[in-house]
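Before any comments, here is the structure.
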Amino acid sequence: MNIDWFFIIEKIALISGVLALSLGVAMYSTWGERKVAAIIQDRRGPNRAGFMGLLQPLADGGKLFFKEEIIPTLSHRFLFILGPSLAMLVACMTSAVIPWGDTLTIGGRQVSLQVADINIGILYIFGVVSLGVYGIMLGGWASNNKYSLLASIRAASQIISYELAMGLSLIALLMLTGSLSLKDIVEQQRHSYWNVVYQPLGFIIFLICAFAECNRTPFDLPEAENELNGGYHLEYSSMKLGFYLFAEYINMFISSALMASMYFGGYSFPFMDSLGLDANLITILGFVALFIKIICFLFLFMWVRWTIPRFRYDQLMRLGWNIMIPIAIVNMLLTGAWILYKQG
Amino acid sequence: MQALTDRVKPVDRRPLNFVEKLYIPAILKGMGITFKHIFKKKATVNYPEETRPFSPVFRGLHILNRDEEGRERCTACGLCAVACPAEAITMEAAERKPGEEKLYREEKYAASYEINMLRCIFCGFCEEACPKDAIYLTETFAPSNYDRKGFIYGKDDLLIPDPKKK
């Protein structure tokens, strides 16, 4: 039996790193969200806890941990606890197949900055993201509260409807790339233009659907405070509530990373192969480039949230089924026709 | 119908055209507006570190004045209490005893002088009523407190420090 211990250590380090990264980014997204909201509304935002309020996420987390844990008597106890756990687990799982950078060479070993380069990466992400709706559904249903139930019904139908358009817009992209592996897709963009040049319409559809999948404004109907007293996490308190809110921010981070990888070149940046720098340095710069792209997307998420009012529920459904899906199909047909034209 | 004023504006009730139905231009316009606000001046003042500049006539917390030799000017005449529309001022008068000439300017003085800052409306009538230049309103305002008692300011809170002693 010959176990490659270095491989195991390498993967464990990478998994911990990616997990810490997504949790850290999600933590500071809450800070960023409050800061962006503040500066858009001519305010200052959190600035008391630490320099520029940078310790605010820690203070918030500490507060949530020390809050009283309330499990309603009439709730389904097991599912009530399973809900936020599932939401958090699923949110953390998606980061496994995202290529965070090219390979590093450490002591003669090629270390790929991707936890698992599986050849069905995008399918994996879609499968795991679809599971995410169970966290919301279970939480809303197990609370035994009509508002929570309404919110979770909304969430389920919204996420299922928008997943269709999202998948259709992706099929057009996959027809171009011919691969489901995210690593391949990024490598292809490294040697030519970014995919957003070939798929502008597909990108816009994907972006809108990503907003809907993350329950972000203008599609934050499952969390419509003024209609539903808070949404599917109405009965939750303490860190169980924190997990739901946190999972949302992790999802935002992952979908930003996904959009950056699929449409904006991932870890590749212009002229990266003609600079003549050391390969390791290029890899690190590529990671930084990916991060800058992700932060731009996160800013976009927040910017839109503080600009656009919420949709009405029937408008949301009409947009999803009557507009998004037909446009996505047309986009797919056009892409197919273009590929055929190029071939022959 | 005949318009009742000359400020009537007709409302455009045409159905939305194709570009408007896309909503994208409107959304981009809105996002442009919110983006512009990032660079605007912040309306918030970082309160404990910085305060809003007051106008020269700002009326804040009261002080009881002393004369240049450090003697209390107040003679407990009660005109401020009479002038006070909120009835926030109470005082008790006392007679100056021999040997206290260094402390009080005239034969009568205020043994106790209290202003309830929760009742006070900071109108400044007491300042205007005072014939002895004894009470003035300053540019500070009452700090927060946990109970009502803390807002009743006695003589030790109001009197300015003795200029002779420092």
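FYI, nothing fancy with the structure tokens labels: chains A, B, ... in order, residues from 1 per chain, ligands from 1 as they appear.
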
Show me, as number ranges by chain, the residues that have an atom within 8 Å of segment 115-128 of chain A when counting only C-alpha atoms, minus same-chain residues fewer than 4 positions from it. A: 11, 14-15, 90, 93-94, 96-99, 132, 179-183

May I have the residues within 9 Å of Arg34 of chain A as a PyMOL selection string, using only C-alpha atoms and disregarding those fewer than 5 positions away in the same chain? chain A and resi 29+39+45-46

Considering only C-alpha atoms, give me a table of residues in chain B that are at most 9 Å from chain A, with the closest atom pair and distance in Å for each, as a Markdown table.
```
| residue | atom | partner | partner_atom | distance |
| --- | --- | --- | --- | --- |
| B:Ile27 | CA | A:Ile308 | CA | 7.2 |
| B:Gly30 | CA | A:Thr307 | CA | 6.4 |
| B:Met31 | CA | A:Thr307 | CA | 5.9 |
| B:Ile33 | CA | A:Thr307 | CA | 8.5 |
| B:Thr34 | CA | A:Ile40 | CA | 5.7 |
| B:Phe35 | CA | A:Ile40 | CA | 6.8 |
| B:Lys36 | CA | A:Ile40 | CA | 8.0 |
| B:His37 | CA | A:Ile40 | CA | 5.2 |
| B:Ile38 | CA | A:Ile40 | CA | 5.1 |
| B:Phe39 | CA | A:Ile39 | CA | 8.0 |
| B:Lys40 | CA | A:Asp42 | CA | 6.6 |
| B:Lys41 | CA | A:Asp42 | CA | 6.7 |
| B:Lys42 | CA | A:Asp42 | CA | 4.7 |
| B:Ala43 | CA | A:Asp42 | CA | 5.9 |
| B:Thr44 | CA | A:Arg43 | CA | 5.7 |
| B:Val45 | CA | A:Arg44 | CA | 8.9 |
| B:Asn46 | CA | A:Arg44 | CA | 8.7 |
```

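Each of A:Met317, A:Leu149, A:Ile185, A:Ala337 was checked against Met262 of chain A using only C-alpha atoms; the smallest atom-to-atom distance is that of A:Ile185.
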
Find the residues around Ala76 of chain B up to 8 Å (only C-alpha atoms counted), leave out those fewer than 5 positions away in its own chain, and share them as a PyMOL selection string. chain B and resi 91-93+108-110

Would you mind reading off the distance between atom CA of Ile325 of chain A and atom CA of Ala260 of chain A, one decimal, in Å?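 The value is 22.5 Å.
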
Selected residue of minimal separation from Glu101 of chain B among B:Glu72, B:Ala81, B:Cys123, B:Ile115, counting only C-alpha atoms: B:Glu72

Report as a ChimeraX atom specification all protein, DNA and RNA residues lying within 8 Å of Asn144 of chain A, evaluated on only C-alpha atoms, omitting residues in the same chain fewer than 6 positions from it. /A:74-76

From the options B:Lys164, B:Phe141, B:Asp133, B:Leu4, which residue's atoms come nearest to Thr51 of chain B, counting only C-alpha atoms?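 That would be B:Phe141, the residue with the smallest distance to Thr51 of chain B.
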
Coordinates-based distance that separates atom CA of Glu68 of chain B from atom CA of Glu107 of chain B (Å, one decimal):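 Value for the atom CA of Glu107 of chain B-atom CA of Glu68 of chain B distance: 17.5 Å.
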